[in-house]
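Everything on this sheet refers to the single structure shown next.
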Amino acid sequence: MEERVKTRTGDLFIFVAVFLLTSSVPFSLFIPDSELVYWLNIALRLSFFPFAFIFLRKSGLVRPGLAKPDKRILLLSPFLLLCLSNFLVVWIQELPRVEINSPVPLLKDALFYLLVAVGEEMVFRAVVYTECKRKLPLWKAVVISSLAFALPHLLNATSWVTLGVSTLQVIYSFFLSLVLSIVYEVGGNILWPVALHFLFDFLNGSLASSLFPLPWDVTFYVTNVVVSVALLLYFLLVRRVLFRKEKPLP
């Protein structure tokens with residue numbers, strides 16, 4: 001039994017390490033061509049999926065859950081507001097719209113963020129979170145897997161200046177991961193957190209910042225904090241319904 005646990009832990013470490021290697025290469029530090037950097041990142045992220053498919057089949061690690069829709073997932077629909085909080089900032093500040101000359105940059109962002117969402121949810125929700133749940137209470141599994149999800153965002157730092165931004169990414173990534181773990185636990189299907197993750201990155205990030213001159217000022221932070229606190233209070237109200245029945249591990 002102990003040998004099996006060590007094997008699973010080793011497999012988990014390898015799985016996460018390969019994902020980080022295929023998603024964190026700082027091409028921009030030594031390649032000045034941004035277009036080439038983009039496609040290298042896309043190719044490297046794509047290369048992870050055949051590895052993941054083969055590795056999960058041969059190892060003892062769990063595979064992504066694909067359960068049928070549970071009606072309780074509808075109770076989590078207010079969390080879609082997380083994907084629109086920056087548009088709320090736009091509405092509050094009445095920001096002017098920026099003209100977009102071509103849809104190509106947004107389409108490229110959509111492809112990139114889709115690969116990010118699928119890869120990160122497969123690794124940190126479907127595998128890391130579920131493996132943690134085998135040994136730990138639900139809340140500990142959520143926290144530990146969220147830390148595992150958030151801390152690698154420090155790899156985005158390329159200088160002392162960007163370290164501050166990356167630290168902020170770690171903080172909001174941790175809280176986003178808490179939400180995504182709850183969505184996966186309730187829905188039982190990896191497609192739910194993938195969809196929410198993609199919408200958050202693309203709508204609240206790429207689309208909002210492309211269409212409007214979003215300021216990182218007091219209103220920006222206060223609005224996002226208020227939305228987050230409101231959703232936390234809502235979750236506390238519905239949590240008993242969401243977790244009224246323990247779901248078996250896959």
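Each chain in the structure tokens gets a letter, A, B, ..., in the order shown, and its residues are numbered from 1; ligands are numbered from 1 in order too.
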Write out as a ChimeraX atom specification all residues of stretch 8-211 of chain A that backbone DSSP assigns to helix (DSSP H, G or I). /A:8-23,27-29,34-58,71-83,85-93,104-135,138-156,160-187,191-211
Return as a Markdown table the residues of stretch 196-238 of chain A lying at most 9 Å from stretch 79-101 of chain A, together with the closest atom-to-atom pair for each and the distance in Å to one decimal, counting only C-alpha atoms, with rows in chain order and ascending residue number.
```
| residue | atom | partner | partner_atom | distance |
| --- | --- | --- | --- | --- |
| A:Leu196 | CA | A:Leu80 | CA | 7.1 |
| A:His197 | CA | A:Cys83 | CA | 8.6 |
| A:Leu199 | CA | A:Cys83 | CA | 5.9 |
| A:Phe200 | CA | A:Cys83 | CA | 4.3 |
| A:Asp201 | CA | A:Cys83 | CA | 7.6 |
| A:Phe202 | CA | A:Cys83 | CA | 8.3 |
| A:Leu203 | CA | A:Cys83 | CA | 6.0 |
| A:Asn204 | CA | A:Cys83 | CA | 5.1 |
| A:Gly205 | CA | A:Asn86 | CA | 8.0 |
| A:Ala208 | CA | A:Phe87 | CA | 6.5 |
| A:Ser209 | CA | A:Asn86 | CA | 8.5 |
| A:Ser210 | CA | A:Val98 | CA | 7.1 |
| A:Leu211 | CA | A:Val98 | CA | 5.0 |
| A:Phe212 | CA | A:Arg97 | CA | 5.0 |
| A:Pro213 | CA | A:Leu95 | CA | 7.0 |
| A:Leu214 | CA | A:Val90 | CA | 7.2 |
| A:Pro215 | CA | A:Val89 | CA | 9.0 |
| A:Thr219 | CA | A:Val89 | CA | 7.0 |
| A:Phe220 | CA | A:Val89 | CA | 6.0 |
| A:Thr223 | CA | A:Val89 | CA | 6.5 |
| A:Asn224 | CA | A:Ser85 | CA | 5.9 |
| A:Val227 | CA | A:Ser85 | CA | 6.9 |
| A:Ser228 | CA | A:Leu82 | CA | 7.3 |
| A:Leu231 | CA | A:Phe79 | CA | 6.7 |
```
Once you have the residues from the selection above, write them out as a CSV table (one decimal), in the first residue's frame, restricted to C-alpha atoms.
```csv
chain,number,residue,atom,x,y,z
A,196,LEU,CA,-15.3,29.3,-16.4
A,197,HIS,CA,-11.5,29.6,-16.5
A,199,LEU,CA,-14.3,33.0,-19.8
A,200,PHE,CA,-12.5,34.6,-16.9
A,201,ASP,CA,-9.2,34.9,-18.7
A,202,PHE,CA,-10.6,35.9,-22.1
A,203,LEU,CA,-13.6,38.1,-21.2
A,204,ASN,CA,-12.2,39.8,-18.1
A,205,GLY,CA,-8.7,40.0,-19.3
A,208,ALA,CA,-12.0,44.0,-21.6
A,209,SER,CA,-8.5,45.4,-21.9
A,210,SER,CA,-8.7,45.4,-25.7
A,211,LEU,CA,-12.0,47.2,-25.9
A,212,PHE,CA,-11.5,49.7,-23.1
A,213,PRO,CA,-8.6,51.6,-21.5
A,214,LEU,CA,-8.9,49.9,-18.2
A,215,PRO,CA,-7.2,51.8,-15.4
A,219,THR,CA,-12.1,51.9,-8.6
A,220,PHE,CA,-10.7,48.9,-10.4
A,223,THR,CA,-15.0,46.9,-7.8
A,224,ASN,CA,-13.3,43.5,-8.1
A,227,VAL,CA,-17.8,41.4,-6.6
A,228,SER,CA,-15.6,38.8,-4.9
A,231,LEU,CA,-19.9,36.0,-4.4
```
Which residues are near A:Pro193? Cut-off 9 Å, only C-alpha atoms, ignore same chain within fewer than 3 positions. Put them as number ranges by chain. A: 117-118, 121, 125, 179-184, 187, 189-190, 196-198
Using C-alpha atoms, can you export the residues from the last selection as a compact mmCIF listing (two decimals), in the first residue's frame?
```txt
# COMPACT_ATOMS: atom_id res chain seq x y z
CA ALA A 117 -7.80 26.68 -19.42
CA VAL A 118 -7.86 23.09 -20.70
CA GLU A 121 -7.84 22.46 -15.32
CA ARG A 125 -8.43 20.29 -10.92
CA VAL A 179 -13.92 28.76 -7.12
CA LEU A 180 -12.85 26.42 -9.91
CA SER A 181 -12.33 23.56 -7.44
CA ILE A 182 -15.82 24.07 -6.04
CA VAL A 183 -17.25 24.13 -9.56
CA TYR A 184 -15.50 20.85 -10.37
CA GLY A 187 -20.42 19.58 -11.34
CA ASN A 189 -17.29 17.41 -15.10
CA ILE A 190 -14.00 19.04 -16.07
CA LEU A 196 -15.32 29.33 -16.36
CA HIS A 197 -11.53 29.56 -16.48
CA PHE A 198 -11.54 30.41 -20.19
```
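Checking A:Asn41, A:Ser102, A:Leu232, A:Phe55 one by one against A:Ser24, counting only C-alpha atoms, you find the shortest gap at A:Asn41.
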From the options A:Val142, A:Leu236, A:Val62, A:Val194, which residue's atoms come nearest to A:Arg8, counting only C-alpha atoms? A:Val62
Can you pull out every residue within 7 Å of stretch 45-48 of chain A, counting only C-alpha atoms, but drop anything in the same chain fewer than 4 positions away, and send it as number ranges by chain? A: 19, 22-23, 41, 52, 115
